[in-house]
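Have a look at input-v4.txt below; it lists compact mmCIF, C-alpha atoms (C1' of nucleotides).
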```
# COMPACT_ATOMS: atom_id res chain seq x y z
CA MET J 1 0.00 0.00 0.00
CA PRO J 2 2.85 2.20 -0.62
CA GLU J 3 3.18 5.67 -1.97
CA LEU J 4 4.32 8.56 0.18
CA PRO J 5 1.00 9.28 1.94
CA GLU J 6 0.51 5.61 2.77
CA VAL J 7 4.08 5.11 3.98
CA GLU J 8 3.89 8.24 6.11
CA THR J 9 0.58 7.05 7.56
CA VAL J 10 2.20 3.72 8.39
CA ARG J 11 5.10 5.56 10.01
CA ARG J 12 2.77 7.54 12.22
CA GLY J 13 0.95 4.39 13.20
CA LEU J 14 4.12 2.47 14.02
CA ALA J 15 6.03 5.21 15.80
CA PRO J 16 4.27 4.91 19.18
CA ALA J 17 4.88 1.16 19.22
CA MET J 18 8.55 1.40 18.25
CA GLU J 19 10.12 4.69 19.26
CA GLY J 20 11.95 4.57 22.57
CA ARG J 21 11.41 0.83 22.83
CA ALA J 22 13.94 -1.98 22.95
CA ILE J 23 13.77 -5.01 20.67
CA ALA J 24 13.64 -8.22 22.68
CA GLY J 25 13.94 -10.34 19.57
CA VAL J 26 13.22 -10.66 15.87
CA ASP J 27 11.68 -13.72 14.24
CA LEU J 28 12.17 -14.31 10.52
CA ALA J 29 9.93 -16.79 8.74
CA ARG J 30 12.30 -16.98 5.77
CA GLY J 31 15.71 -15.81 4.66
CA ASP J 32 14.64 -13.25 2.13
CA LEU J 33 11.91 -10.99 0.82
CA ARG J 34 12.81 -9.19 -2.37
CA PHE J 35 16.43 -9.30 -1.21
CA PRO J 36 18.05 -11.53 1.41
CA PHE J 37 17.96 -10.04 4.89
CA THR J 38 21.27 -8.47 5.87
CA PRO J 39 23.51 -11.20 7.38
CA GLY J 40 22.94 -11.38 11.13
CA PHE J 41 19.78 -9.28 10.78
CA ALA J 42 17.87 -10.70 13.74
CA LYS J 43 20.92 -11.14 15.95
CA ARG J 44 22.14 -7.59 15.39
CA LEU J 45 18.72 -6.13 16.17
CA LYS J 46 18.24 -8.02 19.42
CA GLY J 47 18.65 -5.71 22.40
CA ARG J 48 18.75 -2.55 20.30
CA ARG J 49 16.52 0.38 21.10
CA VAL J 50 14.66 2.26 18.36
CA LEU J 51 15.39 5.95 18.86
CA ALA J 52 13.22 7.25 16.03
CA LEU J 53 11.21 6.02 13.09
CA ARG J 54 11.61 8.25 10.06
CA ARG J 55 10.59 8.25 6.41
CA ARG J 56 12.49 9.09 3.23
CA GLY J 57 10.49 8.76 0.02
CA LYS J 58 8.78 5.39 0.32
CA TYR J 59 11.33 4.06 2.81
CA LEU J 60 10.93 3.70 6.55
CA LEU J 61 14.10 4.14 8.56
CA GLY J 62 14.40 2.97 12.14
CA GLU J 63 17.28 4.75 13.83
CA LEU J 64 18.85 2.49 16.43
CA ASP J 65 20.86 3.23 19.56
CA SER J 66 23.78 1.38 17.94
CA GLY J 67 24.01 4.02 15.21
CA GLU J 68 22.68 1.53 12.69
CA THR J 69 19.57 2.04 10.59
CA LEU J 70 16.79 -0.46 9.99
CA LEU J 71 15.77 0.23 6.38
CA MET J 72 12.32 -1.01 5.35
CA HIS J 73 10.39 -0.85 2.09
CA LEU J 74 6.81 -2.09 1.69
CA GLY J 75 7.01 -2.94 -2.01
CA MET J 76 3.54 -3.40 -3.47
CA SER J 77 1.79 -5.44 -0.82
CA GLY J 78 3.64 -4.94 2.47
CA SER J 79 1.83 -3.99 5.66
CA PHE J 80 2.51 -3.83 9.37
CA ARG J 81 0.31 -4.97 12.21
CA ILE J 82 0.68 -4.07 15.85
CA ASP J 83 -0.28 -6.58 18.50
CA HIS J 84 -0.24 -5.05 21.95
CA ALA J 85 0.96 -7.05 24.89
CA ALA J 86 -1.50 -9.65 26.12
CA PRO J 87 -2.68 -9.25 29.71
CA ILE J 88 -0.65 -11.25 32.24
CA GLY J 89 -1.57 -14.91 32.14
CA GLU J 90 -3.31 -14.77 28.78
CA PRO J 91 -1.74 -16.40 25.74
CA TYR J 92 -0.50 -14.35 22.82
CA ILE J 93 -2.84 -14.78 19.86
CA PRO J 94 -1.90 -13.18 16.56
CA ARG J 95 -4.84 -11.60 14.79
CA GLY J 96 -3.55 -11.36 11.24
CA ARG J 97 -5.82 -12.56 8.47
CA ASN J 98 -3.13 -14.18 6.39
CA PRO J 99 -0.45 -15.62 8.69
CA ALA J 100 1.18 -17.48 5.80
CA HIS J 101 2.67 -14.14 4.72
CA ASP J 102 3.78 -12.91 8.12
CA HIS J 103 7.51 -12.76 7.34
CA VAL J 104 8.98 -10.69 10.16
CA VAL J 105 7.99 -10.27 13.80
CA PHE J 106 9.62 -7.65 16.00
CA ARG J 107 9.11 -8.53 19.66
CA PHE J 108 9.51 -5.54 21.94
CA GLU J 109 10.30 -5.53 25.61
CA GLY J 110 7.00 -5.32 27.42
CA GLY J 111 5.33 -7.78 25.09
CA ALA J 112 4.10 -5.75 22.12
CA ARG J 113 4.77 -7.13 18.66
CA VAL J 114 5.07 -5.53 15.25
CA THR J 115 4.48 -7.98 12.41
CA TYR J 116 5.35 -7.42 8.76
CA ASN J 117 3.09 -9.15 6.24
CA ASP J 118 3.79 -9.12 2.49
CA PRO J 119 2.12 -11.58 0.09
CA ARG J 120 4.04 -10.55 -3.01
CA ARG J 121 7.34 -10.11 -1.19
CA PHE J 122 8.38 -7.07 -3.22
CA GLY J 123 9.24 -5.35 0.03
CA PHE J 124 12.55 -5.75 1.86
CA MET J 125 14.42 -4.96 5.04
CA LEU J 126 18.11 -4.18 5.43
CA LEU J 127 20.24 -3.25 8.39
CA LEU J 128 22.69 -0.48 7.50
CA THR J 129 25.73 0.71 9.39
CA ALA J 130 26.05 4.44 10.07
CA LYS J 131 28.34 4.70 7.07
CA GLU J 132 26.09 2.70 4.77
CA ARG J 133 23.22 4.95 5.79
CA GLU J 134 25.02 7.76 3.95
CA THR J 135 26.36 5.84 0.99
CA HIS J 136 23.94 3.02 0.22
CA PRO J 137 22.81 3.34 -3.40
CA LEU J 138 19.15 2.80 -2.50
CA LEU J 139 19.21 5.99 -0.43
CA ALA J 140 21.99 8.05 -1.99
CA GLY J 141 20.25 8.37 -5.34
CA LEU J 142 16.88 9.48 -4.02
CA GLY J 143 15.39 12.72 -5.26
CA VAL J 144 13.72 15.54 -3.35
CA GLU J 145 11.03 15.13 -0.73
CA PRO J 146 7.91 16.48 -2.44
CA LEU J 147 6.40 17.92 0.74
CA GLY J 148 9.64 19.65 1.75
CA GLU J 149 11.35 22.82 0.60
CA GLY J 150 13.16 21.01 -2.19
CA LEU J 151 10.25 20.76 -4.57
CA ASP J 152 9.31 23.85 -6.54
CA ALA J 153 9.06 24.89 -10.19
CA ASP J 154 12.78 25.60 -10.43
CA ALA J 155 13.62 22.13 -9.11
CA LEU J 156 11.25 20.55 -11.63
CA ALA J 157 12.88 22.58 -14.40
CA ARG J 158 16.30 21.20 -13.45
CA MET J 159 14.93 17.64 -13.50
CA PHE J 160 13.09 18.00 -16.79
CA ASP J 161 15.46 20.17 -18.82
CA GLY J 162 16.32 18.32 -22.03
CA ARG J 163 14.53 15.14 -21.00
CA ALA J 164 12.60 13.32 -23.70
CA ALA J 165 10.84 10.99 -21.27
CA PRO J 166 7.10 11.49 -20.86
CA LEU J 167 5.97 13.38 -17.77
CA LYS J 168 4.52 10.19 -16.31
CA ALA J 169 7.90 8.44 -16.35
CA ALA J 170 9.80 11.50 -15.15
CA LEU J 171 7.54 11.90 -12.14
CA LEU J 172 7.62 8.20 -11.27
CA ASP J 173 11.43 8.24 -11.24
CA GLN J 174 12.47 8.17 -7.58
CA LYS J 175 15.77 9.84 -8.50
CA ASN J 176 13.78 12.96 -9.35
CA ILE J 177 11.10 13.01 -6.66
CA ALA J 178 11.07 10.49 -3.82
CA GLY J 179 7.68 9.08 -2.88
CA LEU J 180 5.42 9.53 -5.89
CA GLY J 181 3.85 6.39 -7.34
CA ASN J 182 1.37 5.49 -10.04
CA ILE J 183 -1.72 6.83 -8.31
CA TYR J 184 -0.48 10.23 -7.20
CA VAL J 185 1.37 10.91 -10.46
CA CYS J 186 -1.88 10.38 -12.36
CA GLU J 187 -3.78 12.55 -9.91
CA ALA J 188 -1.23 15.38 -9.84
CA LEU J 189 -1.03 15.55 -13.66
CA HIS J 190 -4.80 15.83 -13.93
CA ARG J 191 -4.92 18.60 -11.35
CA ALA J 192 -2.19 20.46 -13.22
CA GLY J 193 -3.93 19.99 -16.58
CA LEU J 194 -0.88 18.28 -18.08
CA SER J 195 -0.79 15.22 -20.32
CA PRO J 196 1.17 12.25 -18.95
CA LEU J 197 2.33 11.60 -22.52
CA ARG J 198 3.98 14.97 -22.96
CA ALA J 199 7.78 15.10 -23.07
CA ALA J 200 9.15 16.53 -19.83
CA ARG J 201 11.49 18.93 -21.62
CA THR J 202 8.58 20.78 -23.25
CA LEU J 203 7.86 22.39 -19.88
CA VAL J 204 11.26 24.03 -19.72
CA SER J 205 12.58 26.83 -21.90
CA GLY J 206 16.06 28.23 -21.49
CA GLY J 207 16.38 26.39 -18.22
CA LYS J 208 13.41 28.30 -16.84
CA PRO J 209 10.16 26.68 -15.69
CA SER J 210 6.96 27.36 -17.60
CA ALA J 211 3.77 28.43 -15.85
CA ALA J 212 2.62 24.83 -16.20
CA LEU J 213 5.55 23.64 -14.10
CA LYS J 214 4.51 25.96 -11.31
CA ARG J 215 1.03 24.45 -11.45
CA LEU J 216 2.56 20.98 -11.40
CA ALA J 217 4.70 21.66 -8.34
CA LYS J 218 1.64 22.91 -6.48
CA ALA J 219 -0.55 20.04 -7.70
CA ILE J 220 1.96 17.46 -6.43
CA LYS J 221 2.15 19.04 -3.00
CA ASP J 222 -1.61 19.54 -2.78
CA VAL J 223 -2.60 16.01 -3.73
CA LEU J 224 -0.03 14.43 -1.40
CA GLN J 225 -1.03 16.63 1.51
CA GLN J 226 -4.73 15.95 0.98
CA ALA J 227 -4.09 12.22 0.79
CA LEU J 228 -2.01 12.40 3.95
CA ASP J 229 -4.80 14.25 5.73
CA ALA J 230 -7.16 11.43 4.71
CA GLY J 231 -4.86 8.74 6.10
CA GLY J 232 -3.75 7.64 2.63
CA SER J 233 -5.63 5.53 0.11
CA THR J 234 -6.98 2.07 0.74
CA LEU J 235 -7.14 -0.42 -2.11
CA ARG J 236 -8.27 -4.02 -1.82
CA ASP J 237 -9.17 -3.71 1.84
CA HIS J 238 -5.61 -3.03 2.83
CA HIS J 239 -5.74 -1.82 6.43
CA LEU J 240 -3.49 0.38 8.52
CA THR J 241 -1.49 -0.65 11.56
CA ASP J 242 -4.50 -0.07 13.81
CA GLY J 243 -6.92 -1.87 11.49
CA SER J 244 -8.50 1.35 10.22
CA LEU J 245 -8.74 2.40 6.59
CA GLY J 246 -7.44 5.47 4.77
CA TYR J 247 -10.12 7.05 2.61
CA PHE J 248 -8.42 9.19 -0.04
CA GLN J 249 -9.40 6.63 -2.71
CA HIS J 250 -12.83 8.26 -2.69
CA SER J 251 -11.19 11.46 -3.90
CA PHE J 252 -9.48 10.00 -6.97
CA ARG J 253 -10.29 12.08 -10.03
CA VAL J 254 -8.73 9.83 -12.67
CA TYR J 255 -7.03 6.79 -11.13
CA ASP J 256 -8.96 3.58 -11.88
CA ARG J 257 -11.80 5.65 -13.37
CA GLU J 258 -11.56 4.65 -17.04
CA GLY J 259 -14.75 5.54 -18.90
CA ALA J 260 -15.98 7.97 -16.26
CA ALA J 261 -16.73 11.61 -17.00
CA CYS J 262 -13.83 13.96 -16.36
CA PRO J 263 -14.50 15.62 -12.99
CA LYS J 264 -13.00 18.94 -14.04
CA LYS J 265 -15.63 21.68 -14.15
CA GLY J 266 -16.72 22.46 -17.68
CA CYS J 267 -14.73 19.59 -19.21
CA ALA J 268 -16.73 17.17 -21.37
CA GLY J 269 -13.93 14.60 -21.58
CA THR J 270 -13.93 10.94 -20.58
CA ILE J 271 -11.17 9.39 -18.50
CA ALA J 272 -8.96 7.13 -20.62
CA ARG J 273 -6.50 4.42 -19.69
CA VAL J 274 -3.26 4.02 -21.58
CA VAL J 275 -0.20 1.92 -20.84
CA GLN J 276 3.15 3.65 -20.36
CA SER J 277 6.24 1.56 -19.70
CA GLY J 278 4.05 -1.34 -18.76
CA ARG J 279 1.89 0.49 -16.25
CA SER J 280 -1.61 1.92 -16.37
CA THR J 281 -1.93 5.66 -16.80
CA PHE J 282 -5.31 7.32 -16.31
CA HIS J 283 -5.92 10.75 -17.76
CA CYS J 284 -8.40 13.05 -19.49
CA PRO J 285 -7.35 13.54 -23.13
CA VAL J 286 -9.46 16.70 -23.33
CA CYS J 287 -8.24 18.89 -20.47
CA GLN J 288 -4.76 17.46 -19.94
CA LYS J 289 -2.48 19.01 -22.55
C1' DC H 1 23.82 8.49 -20.46
C1' DT H 2 18.77 7.81 -21.65
C1' DG H 3 14.61 5.55 -22.22
C1' DT H 4 12.01 1.24 -22.40
C1' DG H 5 10.83 -3.53 -21.49
C1' DT H 6 11.20 -7.48 -18.29
C1' DT H 7 11.15 -9.49 -14.00
C1' DC H 8 10.40 -10.77 -9.17
C1' DC H 9 5.66 -13.02 -6.41
C1' DT H 10 0.84 -13.94 -4.96
C1' DG H 11 -3.90 -12.59 -4.87
C1' DT H 12 -8.09 -10.67 -6.89
C1' DT H 13 -11.12 -9.63 -10.52
C1' DC H 14 -13.07 -10.12 -15.00
C1' DG H 15 -14.77 -12.30 -19.18
C1' DC H 16 -16.34 -16.50 -21.10
C1' DT U 1 -19.34 -22.32 -10.38
C1' DG U 2 -15.04 -22.91 -12.78
C1' DC U 3 -11.03 -21.41 -15.19
C1' DG U 4 -7.55 -18.93 -17.48
C1' DA U 5 -6.07 -14.23 -18.47
C1' DA U 6 -5.20 -9.77 -17.09
C1' DC U 7 -3.90 -6.83 -13.73
C1' DA U 8 -2.20 -4.86 -9.19
C1' DG U 9 0.31 0.60 -5.15
C1' DG U 10 7.52 -0.76 -6.85
C1' DA U 11 11.83 -0.52 -8.75
C1' DA U 12 16.26 -3.09 -9.97
C1' DC U 13 18.13 -4.76 -13.90
C1' DA U 14 19.21 -5.78 -18.78
C1' DC U 15 19.38 -4.04 -23.04
C1' DA U 16 19.01 -1.03 -27.47
```

Structure rendered as structure tokens:
Amino acid sequence: MPELPEVETVRRGLAPAMEGRAIAGVDLARGDLRFPFTPGFAKRLKGRRVLALRRRGKYLLGELDSGETLLMHLGMSGSFRIDHAAPIGEPYIPRGRNPAHDHVVFRFEGGARVTYNDPRRFGFMLLLTAKERETHPLLAGLGVEPLGEGLDADALARMFDGRAAPLKAALLDQKNIAGLGNIYVCEALHRAGLSPLRAARTLVSGGKPSAALKRLAKAIKDVLQQALDAGGSTLRDHHLTDGSLGYFQHSFRVYDREGAACPKKGCAGTIARVVQSGRSTFHCPVCQK
DNA sequence: CTGTGTTCCTGTTCGC
DNA sequence: TGCGAACAGGAACACA
């Protein structure tokens, strides 16, 4: 369930269960997810305290009292579940719906557990040293945080200048902007009135951003912030750490709405679906230019 | 270097 | 109801 608003919502849900708490043990149900777990993963985590749980793009980063960083990515289908400590004398009973895909259990001192479930196993977890935290290619190449100061029209102009790739691909590229995924790229482009098929470089002239790029920068920030305020989007009954559901999916204007009327005021267009680099793009061919 | 297609894996939905 | 095909929120990798 993983674009920036969903990952940030997960972070906020997990933080109270993890921050300031010591890991009593880690149970791995297998040796790998998308990648093998870092050698000694469980052993090195045992006894460590989580100082803070942060987010960078779509990554979660647990900062440990050892100076190491627990790097986690949810892939397409990863989710966390919190099981609070059972009352004294009562047995621990996991309440996950699909225990076959519970791959990692963090047991915290005091009895609470955080369980990672991931049917498709596109997610992964790595344990990075303080040095690797700064140099690891997965993190070092990440682009700007879209909700931070780093994203504005000038930054977009630098990313797009001379680039022949379509806007859809340029915005999905995590080396440009960290945290956008298929849904929010489609939504932001519709809000900005820009075609996902348009070459990125056509929005830059002489290194300077066009008016459209300013709209795009604002549309990206707006849609992400609104999704965050709604607790993210919930597809296929995916639930949050506390079992609740995000509800931004009800606010989609184009995503998964092929054949529907364009929601833009005064636009008579119909939402179309096209495939770009193997992935569905939803857009209005009439008002997105 | 740049842009595109393939691939990893399982589960759900859709058309017949 | 069953059954195969298509598709799914990501992104590393191979290749032209």

Using only C-alpha atoms (C1' of nucleotides), determine which residues of chain J fall within 8 Å of chain U; present them as a list of chain:residue names.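 That gives the following set of residues: J:Met1, J:Pro2, J:Glu3, J:Gly75, J:Met76, J:Ser77, J:Phe122, J:Gly181, J:Asn182, J:Ile183.
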
Please produce, as CSV, a per-residue contact table for chain J versus chain H (criterion: any atom at most 8 Å away, only C-alpha atoms (C1' of nucleotides) considered), showing the nearest atom pair and its distance in Å to one decimal, sorted by chain then residue number.
```
residue,atom,partner,partner_atom,distance
J:Arg34,CA,H:DC8,C1',7.4
J:Pro119,CA,H:DT10,C1',5.7
J:Arg120,CA,H:DC9,C1',4.5
J:Arg121,CA,H:DC9,C1',6.2
J:Phe122,CA,H:DC9,C1',7.3
J:Ala165,CA,H:DG3,C1',6.7
J:Ser277,CA,H:DT4,C1',6.4
J:Gly278,CA,H:DG5,C1',7.6
```

Gap from CA of Arg201 (chain J) to CA of Phe252 (chain J) - Å, one decimal: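 CA of Phe252 (chain J) lies at a distance of 27.1 Å from CA of Arg201 (chain J).
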
May I ask for the distance between CA of Val105 (chain J) and CA of Gly78 (chain J), given in Å to one decimal place? 13.3 Å

One number please: CA of Arg107 (chain J) to CA of Arg48 (chain J), in Å, one decimal.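 These two atoms are separated by 11.4 Å.
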
Which residues, written as a VMD selection string, have at least one atom at most 8 Å from region 64-70 of chain J, with only C-alpha atoms (C1' of nucleotides) counted and residues fewer than 2 positions away on the same chain left out? chain J and resid 48 to 52 60 to 62 72 125 to 130 133

Near region 145-161 of chain J, within 12 Å and counting all atoms listed in the file, which residues show up once chain neighbours fewer than 5 positions away are dropped, as a PyMOL selection string? chain J and resi 3-5+8+55-59+166-171+173-181+184-185+188+198-228
